[in-house]
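Let me begin by presenting the structure, written as structure tokens, before commenting on it.
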Amino acid sequence: MGEAAQYAIKMHHVTKTFGKVVANKNVDLELKTGEILALLGENGSGKTTLMNMLSGIYFPDYGEIYVKGKEVTIRSPKDSFTLGIGMIHQHFKLVDVLTAAENIVLGLEGKTVLKRREINRKVAELAQKYGFDLDPTKKVYNMSVSEKQTVEILKVLYKGADILILDEPTAVLTPQETEKLFAVLKNMKKHGKSIIIITHKLNEVMAISDRVAILRKGEYIGVVETSETDPDQLTEMMVGRPISLEIERPEVKRGGKRLRVIDLTCLSGDGVKALDNVSFDAYAGEILGIAGIAGSGQKELCETIAGLYPSVGGSVLYSESSEKGAVKERILGLSPDEIAKKGISMAFVPEDRLGMGLVAGMDMTDNVMLRSYKSNKGIFVDRKSPRDLAEKLIKELEIVTPGVETPVGRLSGGNVQKVLLGREIACQPSVLIVAYPVRGLDINASYRIYDLLNEQKKKGVAVVFIGEDLDVLMQLSDRIMVMCGGKVSGIVDPRKVTKEEIGLMMIRTEQDGEKEEVTE
Amino acid sequence: MLNTLNGLFIAAVLAGTPLLLGALGEILTEKSGNLNLGVEGMMFMGAITGLAGSYYYEQAVIGSGGNPNGAVSSVIALLTSFAAGSLGALIYSFLTITLRANQNVTGLTLTIFGTGFGNFFGEYIGQKAGGYVAVSEVTKKAFSGIDIPVLSDIPVLGPLLFRYNWVVYFAIAAALFMTWFFNRTRVGLNLRAVGEDPATADAAGINTTVYKYMATVIGGGICGIGGMYMSMVTTSGVWVHNCVSGYGWLAVALVIFATWSPARGMLVALVFGGLTIMRMYINIPGLPAQIYDMFPYIATILVLVITSMRRSKEHAQPKSCGLNYFREER
Amino acid sequence: MSSNVTHAKEPLFRMVKRDAIPQKKAWMIRAAAFLLSLATGAVVIMMLGHNPFSVYISMIKGAWGTKTVSYETIKIAIPLLITAIGISFAFKMKFWNIGAEGQILVGAVAAGAFGLFTAHIFPKIPLVILMMLAAIVAGGLYGLLPAVCKAKWGTNETLFTLMLNYIALAFIKYLMNGPWKAPGSSYPKIAMLVPGARLTKVFGVHWGWILALILVVVSYIYFNKTKQGYEIAVVGESNNTARYAGINVGRVFRRTMFLSGALCGLVGMLQFAGSDFTITEGTAGGVGFTAITVAWLAKMNPAGMLVVSVFIAMLERGANAIQTQFKIPASAADLLIGIILFFMLGCEFFITYKLIGRGKEEHHA
């Protein structure tokens with residue numbers, strides 16, 4: 001039984017497939033008792049799938065799982081709790097209209113009648129023990145993202161979990177919150193908990209973990225002691241080759257100001273400023289990168305410019321000069337339709353590809369004509385030219401699909417993105433806004449997307465690129481605007497700053513700091 | 001004047017009870033995330049089976065030379081109507097929960113089916129009985145008002161509160177029990193979670209399928225009892241063609257008006273019950289009787305619009321209502 | 001507690017969403033479900049002590065046996081079909097209009113306003129046109145109301161449209177008892193439309209059937225070939241995508257619901273001027289609800305709705321025949337329709353999902 005003490009979890013030769021897609025292939029993973037193990041891998045490498053087999057969401061096709069030395073079968077989330085495993089999902093699983101404490105005791109066995117006061121007290125005590133700050137009676141819909149995460153963590157602790165799995169926990173947090181979370185995790189380790197943290201951020205791996213296990217394309221690559229490794233080695237293990245991951249940044253002569261955004265302000269659903277006096281210019285023939293922690297106003301920024309989100313102040317000016325003459329328009333507050341009617345070709349690749357950019361249930365032809373179906377005269381739609389375009393896109397972008405009639409929702413993530421970006425580029429935009437275009441894509445597809453963006457830049461398009469990976473942003477962009485909490489904290493030349501400097505700007509608004517205080 | 005008001009109150013309670021039962025059944029159902037538009041159908045099913053249960057019980061006892069017992073007859077009507085409502089809800093549950101059919105369409109189909117079921121067997125049993133189905137005096141008496149000892153003798157309050165038939169008290173007890181159940185018990189909390197966010201409930205280890213089935217089937221049974229009230233009390237134990245006629249839909253409206261709270265449901269049932277019979281008690285000059293019939297519906301629409309304007313998170317329909325849940329949907 | 005073959009510990013059945021299933025196989029599943037539903041109906045008939053075959057045959061004969069009954073059957077199918085088409089406008093954009101019943105009634109009332117009170121002023125053709133227009137506008141506006149609230153505040157349309165049914169019904173009762181009560185009648189009823197204003201019969205049935213067939217073709221073209229039809233489909237799939245595509249979602253809601261209500265209103269006029277010649281609480285007679293299932297079963301395909309509505313009309317008409325012949329109450333039609341619909345709704349599951357037995361490999365087509 002020595003093994004029982006040493007390993008909290010052992011996964012042996014675990015395989016999971018979804019249809020033809022092999023998500024995990026013969027994966028071995030060991031979590032020592034009382035350690036923090038980082039599970040590292042790039043998008044689509046199967047990290048979450050692997051962990052979902054521990055949390056009872058998926059059932060493995062082959063392989064064995066041992067928990068505390070005993071072979072186990074985890075058929076449902078319930079089985080998983082019983083074994084002391086608690087997973088904190090990337091997308092929170094909380095019921096909005098219930099309180100923190102109610103969410104925490106949800107689904108637990110116990111006396112028929114709920115003793116609210118007692119439960120609230122217990123939750124408060126638990127929160128205190130690990131250094132959380134939480135009001136057990138607060139309703140979830142009134143909570144900030146980090147509070148929700150706290151509830152998620154307390155939920156598994158309350159159930160007595162001693163093995164915690166956190167799926168990309170820092171993606172939604174500010175650096176301060178991340179720091180706080182890491183402190184709590186270290187505290188939990190002291191209390192004897194074993195922790196797996198899923199991530200693809202190397203600095204976090206280095207900061208928090210004892211050991212690092214690496215997955216690549218669903219396969220287990222190996223495990224290393226954090227103290228004996230460095231980011232370069234980890235990257236190589238993650239990607240599979242030494243980093244020759246140079247992204248091209250073609251030198252193009254910058255054109256005129258295509259888009260001038262001045263003091264743009266808008267509110268989020270609950271009345272907080274989602275964008276706060278945002279000002280910048282986007283030039284023809286450049287890629288303007290936008291960096292920031294998730295939820296810093298990027299989504300609102302693109303949607304406001306594209307005419308999909310209401311603003312409460314500021315202006316957006318569009319100007320273009322060509323042989324046909326100069327166009328100068330105020331476009332803020334116009335709908336996408338009205339923008340198009342002014343003769344402005346604004347392309348926008350939204351973050352939510354199938355929920356906003358495309359119609360999952362429709363075929364490629366109908367999707368390709370989504371933005372242009374009004375262009376012909378009369379009441380009937382013309383499906384002939386979209387169909388030709390769809391076929392052209394399939395050929396040019398090597399889109400893997402059974403045919404133009406297949407609903408795009410059935411395609412893989414990379415192919416979906418090619419359809420979307422292909423359509424947007426086909427309308428010969430003068431401004432191209434792309435939000436997280438490579439999220440969830442593998443390396444190959446990602447590089448194809450970068451190439452497409454560079455091609456547009458060479459054509460003189462003003463490209464606005466919202467990204468999450470700073471390395472990519474720094475290699476691809478001509479300038480980077482850093483956002484923090486809805487404000488612009490600066491616009492920098494990526495050739496002249498370090499990643500750390502940008503990282504710092506992501507958490508505080510230096511340049512704008514004084515200016516903001518005056519206006520408010 | 002006071003007499004009129006007292007009379008109106010009593011009549012409102014009597015008219016509101018089937019609505020309350022239908023609404024309670026639907027609240028329970030909707031709390032699990034199922035929008036069952038088959039209330040009308042389930043009430044029809046309960047109406048005929050409750051009546052048939054009592055009727056056949058009496059026939060059997062009389063046939064064997066005995067005297068039917070009112071209490072037994074009542075219990076049989078209660079159980080058979082509950083069973084029939086549950087059966088309707090079970091069909092609905094199987095189609096929507098297991099086979100993931102569209103909830104709106106399935107509910108409407110259940111209404112068509114249940115209406116046919118009620119009217120068909122009502123006429124069929126009537127044919128066999130040689131004209132129409134009617135229960136004997138014993139059962140009729142069992143479903144008329146009871147004087148609760150001592151309490152019913154209190155002046156004013158006695159006749160106002162303590163002289164109804166037993167189903168009225170059953171409905172009130174059910175409403176109070178449900179309020180307690182939703183707010184104070186673990187199972188109630190879990191059920192609410194299933195209706196709000198089945199994926200979360202599932203991840204918390206709650207068996208969403210079992211919860212949805214149980215809530216929907218029991219809810220259907222309660223609707224069935226509401227239908228039984230229509231045939232046993234409202235029409236005094238005689239089958240009347242189309243006897244439920246829209247009460248099921250009114251019950252669905254009541255759910256909205258009560259903002260999914262069983263306790264408020266009692267109050268709203270009283271108001272709705274009052275509105276449906278008000279024309280017989282209060283005559284507003286210039287306002288024709290039929291216009292009164294619109295009030296409950298107009299009021300419901302106003303509540304719907306106002307709640308949607310306020311976008312209240314809590315006094316609203318459970319969020320997953322109308323949507324089927326499939327764990328591996330990605 | 002362990003064996004090392006993980007397979008054996010899987011749940012008995014797992015469900016997986018299918019990839020596209022061949023059309024032929026899908027129709028086979030539907031046909032099987034249909035036959036099963038008839039078999040279930042047969043069991044019920046047997047329990048009542050009748051021979052199911054003779055009952056079914058009697059139903060068919062009762063619906064198509066003679067010219068007269070065929071006309072009656074078609075007369076039942078017309079409102080079902082047009083209402084189903086009307087409803088499918090809304091359903092295609094996932095707007096749950098279950099208020100067809102009310103829209104039919106207000107359509108009938110609007111038509112009645114002209115038909116009953118201006119028949120002595122206008123000649124037949126202008127009068128019929130007026131009645132049609134009035135019914136279309138009234139039904140359309142009645143459908144528009146919930147759409148406006150939905151567009152503005154996101155008000156739940158299912159319950160809104162449902163409530164409107166009963167308001168329309170109460171209004172008709174009011175008219176029957178009060179302002180429109182037929183002079184000299186001892187009980188509440190509305191006067192009959194004068195024979196000169198009734199719809200002309202073409203091949204034995206009022207011309208509503210021609211209109212219905214035209215609407216099948218027109219709505220098919222509208223849904224599949226026009227920009228507005230495309231917009232409805234996009235809105236139905238995702239409001240966000242629709243906004244992104246420059247579609248004014250609120251306007252599509254309003255426009256489409258007006259059309260949806262207008263078609264239902266038109267049904268009210270056809271019932272009034274072509275079939276009943278008066279207006280009662282039964283003018284809509286559950287058509288608004290049955291039509292929903294018609295539209296759903298036909299997967300919003302107008303040609304399919306034609307088939308389904310004629311079939312349901314046959315059941316309803318046939319039920320009258322078995323009432324006289326076998327003394328089976330005519331409500332049996334509703335019972336049987338319910339059973340058939342249950343089976344048809346259930347079978348869609350086997351088209352969308354497949355069950356994987358324990359230990360079976362998942363293989364994709």
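Residues in the structure tokens are numbered from 1 in each chain, the chains being A, B, ... in the order shown, and ligands are numbered from 1 in the order shown.
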Find the residues in chain C near chain A: any atom within 6 Å counts, using only C-alpha atoms. Write them as a list in words.
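Residues passing the distance filter: Lys225, Thr226, Lys227, Asn240, Thr241, Ala245 and Gly246 of chain C.
Every residue of chain A that lies within 7 Å of chain B is listed here, counting only C-alpha atoms: Pro77, Lys78, Lys93, Leu94, Val95, Val97, Leu106, Gly107, Thr112, Val113 and Leu114 of chain A.
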Residues of chain B no more than 8 Å from chain C, counting only C-alpha atoms: send them over as a PyMOL selection string.
chain B and resi 95+99-102+105-106+108-110+112-117+119-120+123-124+253+288-291+293-294+297-298+300-301+304-305+308-309+328
Using C-alpha atoms, can you export the residues from the last selection as a compact mmCIF listing (two decimals), in the first residue's frame?
```
# COMPACT_ATOMS: atom_id res chain seq x y z
CA LEU B 95 -41.15 11.98 -25.02
CA LEU B 99 -36.68 11.09 -26.37
CA ARG B 100 -36.04 14.83 -26.31
CA ALA B 101 -39.08 15.86 -28.29
CA ASN B 102 -40.00 19.53 -28.39
CA VAL B 105 -45.47 20.54 -29.24
CA THR B 106 -45.55 17.53 -26.94
CA LEU B 108 -50.05 20.60 -26.94
CA THR B 109 -50.36 17.06 -28.19
CA LEU B 110 -51.01 15.94 -24.64
CA ILE B 112 -55.33 17.16 -27.66
CA PHE B 113 -54.93 13.60 -26.43
CA GLY B 114 -56.22 14.30 -22.92
CA THR B 115 -59.22 16.25 -24.18
CA GLY B 116 -60.05 13.36 -26.46
CA PHE B 117 -59.43 10.90 -23.64
CA ASN B 119 -64.59 13.32 -23.69
CA PHE B 120 -64.28 9.92 -25.28
CA GLU B 123 -69.36 9.57 -23.50
CA TYR B 124 -68.41 5.95 -23.74
CA ALA B 253 -51.64 31.54 -16.74
CA PRO B 288 -70.89 43.13 -19.97
CA ALA B 289 -70.42 39.85 -18.18
CA GLN B 290 -68.23 38.28 -20.86
CA ILE B 291 -65.70 41.06 -20.54
CA ASP B 293 -63.89 36.59 -18.46
CA MET B 294 -61.02 38.41 -20.11
CA TYR B 297 -55.91 36.66 -19.17
CA ILE B 298 -55.32 40.37 -19.55
CA THR B 300 -51.56 37.56 -16.92
CA ILE B 301 -50.31 39.35 -20.03
CA LEU B 304 -45.70 38.77 -18.33
CA VAL B 305 -44.83 42.09 -19.91
CA SER B 308 -39.96 40.91 -18.82
CA MET B 309 -39.42 44.66 -18.58
CA GLU B 328 -22.80 15.44 -24.14
```
Write out as a PyMOL selection string all residues of segment 70-256 of chain B that DSSP puts in helix (DSSP H, G or I) for this structure's backbone.
chain B and resi 70-98+103-128+137-142+151-153+157-161+166-184+186-196+198-203+208-234+247-256
Leu270 of chain B proximity check over B:Leu157, B:Gly227, B:Ile284, B:Ile172, using only C-alpha atoms: winner is B:Ile172
Just how far from atom CA of Ser86 of chain B is atom CA of Gly220 of chain B, in Å to one decimal?
4.8 Å
Close residues, Asp263 of chain A itself excluded, 10 Å, only C-alpha atoms, min 3 positions apart in chain, as number ranges by chain:
A: 260, 266, 275-280, 313-316, 487
Check segment 149-338 of chain C with DSSP on the backbone and list each residue it calls strand (DSSP E), as a PyMOL selection string.
chain C and resi 201-202+205-206
Take the residues from that selection and put them in a file with N, CA and C atoms, as a PDB file, in the first residue's frame.
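selection30.pdb was written with the following content:
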```pdb
ATOM      1  N   LYS C 201     -68.500  28.124 -54.415  1.00  0.00           N
ATOM      2  CA  LYS C 201     -67.924  26.786 -54.414  1.00  0.00           C
ATOM      3  C   LYS C 201     -67.267  26.491 -55.744  1.00  0.00           C
ATOM      4  N   VAL C 202     -66.124  25.867 -55.693  1.00  0.00           N
ATOM      5  CA  VAL C 202     -65.459  25.402 -56.897  1.00  0.00           C
ATOM      6  C   VAL C 202     -65.291  23.902 -56.739  1.00  0.00           C
ATOM      7  N   VAL C 205     -66.464  22.532 -53.146  1.00  0.00           N
ATOM      8  CA  VAL C 205     -65.978  23.093 -51.887  1.00  0.00           C
ATOM      9  C   VAL C 205     -65.650  24.566 -52.123  1.00  0.00           C
ATOM     10  N   HIS C 206     -65.881  25.405 -51.099  1.00  0.00           N
ATOM     11  CA  HIS C 206     -65.572  26.830 -51.284  1.00  0.00           C
ATOM     12  C   HIS C 206     -64.116  27.017 -51.711  1.00  0.00           C
TER      13      HIS C 206
END
```
Separation of atom CA of Lys459 of chain A from atom CA of Ile480 of chain A in Å
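It comes out at 20.1 Å.
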Long-range neighbours of Ile62 of chain B as a ChimeraX atom specification, 12 Å cut-off, only C-alpha atoms, 5 positions minimum in chain:
/B:55-57,67-69,135-136,138
Write the residues of the preceding selection, restricted to N, CA and C atoms, as a compact mmCIF listing (two decimals), in the first residue's frame.
```txt
# COMPACT_ATOMS: atom_id res chain seq x y z
N TYR B 55 -67.63 6.09 -9.75
CA TYR B 55 -68.83 5.48 -10.35
C TYR B 55 -68.72 3.95 -10.33
N TYR B 56 -67.58 3.43 -10.77
CA TYR B 56 -67.45 1.98 -10.82
C TYR B 56 -67.36 1.38 -9.44
N TYR B 57 -66.77 2.13 -8.52
CA TYR B 57 -66.73 1.66 -7.13
C TYR B 57 -68.17 1.49 -6.62
N ASN B 67 -73.58 -0.98 0.60
CA ASN B 67 -73.81 0.45 0.51
C ASN B 67 -72.48 1.17 0.30
N PRO B 68 -72.35 1.93 -0.78
CA PRO B 68 -71.09 2.64 -1.01
C PRO B 68 -70.77 3.62 0.13
N ASN B 69 -69.49 3.76 0.39
CA ASN B 69 -69.03 4.65 1.45
C ASN B 69 -68.44 5.90 0.83
N VAL B 135 -72.62 10.05 -10.33
CA VAL B 135 -72.38 9.31 -9.10
C VAL B 135 -73.61 9.42 -8.20
N SER B 136 -73.66 8.58 -7.18
CA SER B 136 -74.83 8.56 -6.30
C SER B 136 -74.74 9.68 -5.26
N VAL B 138 -74.36 9.53 -2.14
CA VAL B 138 -73.33 9.33 -1.12
C VAL B 138 -72.04 10.05 -1.51
```
Surrounding residues of Ile277 of chain B excluding itself and chain neighbours under 4 positions, 8 Å, only C-alpha atoms, as a list of chain:residue names
B:Leu8, B:Ala11, B:Ala12, B:Ala15, B:Gly273, B:Tyr281
Based on the selection just made, write N, CA and C atoms of those residues as an mmCIF file, in the first residue's frame.
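Everything below was put into again_5.cif:
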```cif
data_model
loop_
_atom_site.group_PDB
_atom_site.id
_atom_site.type_symbol
_atom_site.label_atom_id
_atom_site.label_comp_id
_atom_site.auth_asym_id
_atom_site.auth_seq_id
_atom_site.Cartn_x
_atom_site.Cartn_y
_atom_site.Cartn_z
ATOM 1 N N LEU B 8 -69.117 36.132 -2.548
ATOM 2 C CA LEU B 8 -68.109 36.169 -3.603
ATOM 3 C C LEU B 8 -66.848 35.442 -3.162
ATOM 4 N N ALA B 11 -67.453 31.706 -3.169
ATOM 5 C CA ALA B 11 -67.536 31.223 -4.546
ATOM 6 C C ALA B 11 -66.162 31.268 -5.212
ATOM 7 N N ALA B 12 -65.371 32.290 -4.858
ATOM 8 C CA ALA B 12 -64.041 32.418 -5.449
ATOM 9 C C ALA B 12 -63.149 31.270 -5.000
ATOM 10 N N ALA B 15 -64.261 28.224 -6.895
ATOM 11 C CA ALA B 15 -63.901 28.261 -8.315
ATOM 12 C C ALA B 15 -62.390 28.247 -8.497
ATOM 13 N N GLY B 273 -60.197 32.821 -9.385
ATOM 14 C CA GLY B 273 -61.486 32.191 -9.105
ATOM 15 C C GLY B 273 -62.553 33.257 -8.980
ATOM 16 N N TYR B 281 -71.843 38.129 -9.060
ATOM 17 C CA TYR B 281 -71.956 38.776 -7.764
ATOM 18 C C TYR B 281 -71.914 40.303 -7.851
#
```
Considering only C-alpha atoms, return as an mmCIF file with N, CA and C atoms, in the first residue's frame whatever protein or nucleic-acid residues lie within 9 Å of segment 125-132 of chain B, sequence-local ones (same chain, fewer than 4 positions apart) excluded.
```
data_model
loop_
_atom_site.group_PDB
_atom_site.id
_atom_site.type_symbol
_atom_site.label_atom_id
_atom_site.label_comp_id
_atom_site.auth_asym_id
_atom_site.auth_seq_id
_atom_site.Cartn_x
_atom_site.Cartn_y
_atom_site.Cartn_z
ATOM 1 N N ALA B 52 -65.038 8.237 -13.061
ATOM 2 C CA ALA B 52 -65.236 6.820 -13.379
ATOM 3 C C ALA B 52 -64.858 5.954 -12.188
ATOM 4 N N PHE B 120 -63.993 11.240 -24.721
ATOM 5 C CA PHE B 120 -64.276 9.915 -25.278
ATOM 6 C C PHE B 120 -64.811 8.989 -24.189
ATOM 7 N N PHE B 121 -64.050 8.854 -23.105
ATOM 8 C CA PHE B 121 -64.492 7.925 -22.070
ATOM 9 C C PHE B 121 -65.726 8.450 -21.340
ATOM 10 N N VAL B 238 -71.392 14.656 -12.291
ATOM 11 C CA VAL B 238 -72.018 14.261 -13.547
ATOM 12 C C VAL B 238 -71.031 14.601 -14.662
ATOM 13 N N TRP B 239 -70.898 13.693 -15.657
ATOM 14 C CA TRP B 239 -69.981 14.032 -16.743
ATOM 15 C C TRP B 239 -70.642 15.014 -17.692
ATOM 16 N N VAL B 240 -69.996 16.163 -17.839
ATOM 17 C CA VAL B 240 -70.465 17.165 -18.786
ATOM 18 C C VAL B 240 -69.422 17.261 -19.887
ATOM 19 N N LYS C 327 -71.000 3.285 -32.798
ATOM 20 C CA LYS C 327 -71.308 3.953 -31.529
ATOM 21 C C LYS C 327 -70.039 4.258 -30.735
#
```
If we count only C-alpha atoms, what is near Lys139 of chain A at a cut-off of 7 Å, once residues fewer than 6 positions away on the same chain are taken out, given as a ChimeraX atom specification?
/A:96-100
Sorted per-residue table, segment 266-339 of chain C near segment 69-78 of chain C, closest atoms and distance, 6 Å, only C-alpha atoms, as a tab-separated table:
```
residue	atom	partner	partner_atom	distance
C:Ser309	CA	C:Ala77	CA	5.4
C:Val310	CA	C:Ala77	CA	5.1
C:Ala313	CA	C:Ala77	CA	5.0
C:Met314	CA	C:Thr73	CA	5.8
C:Arg317	CA	C:Thr73	CA	5.8
```
Next, the residues of the selection above should be written as a PDB file, in the first residue's frame with C-alpha atoms.
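Saved the output as result.pdb:
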```pdb
ATOM      1  CA  SER C 309     -53.524  18.220 -42.705  1.00  0.00           C
ATOM      2  CA  VAL C 310     -55.493  16.156 -45.195  1.00  0.00           C
ATOM      3  CA  ALA C 313     -58.965  15.951 -41.583  1.00  0.00           C
ATOM      4  CA  MET C 314     -59.634  12.403 -42.663  1.00  0.00           C
ATOM      5  CA  ARG C 317     -64.246  13.262 -40.521  1.00  0.00           C
TER       6      ARG C 317
END
```
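Ranking A:Asp79, A:Glu398, A:Glu286, A:Glu42 by their shortest atom-to-atom distance to Val431 of chain A, with only C-alpha atoms included, puts A:Glu286 first.
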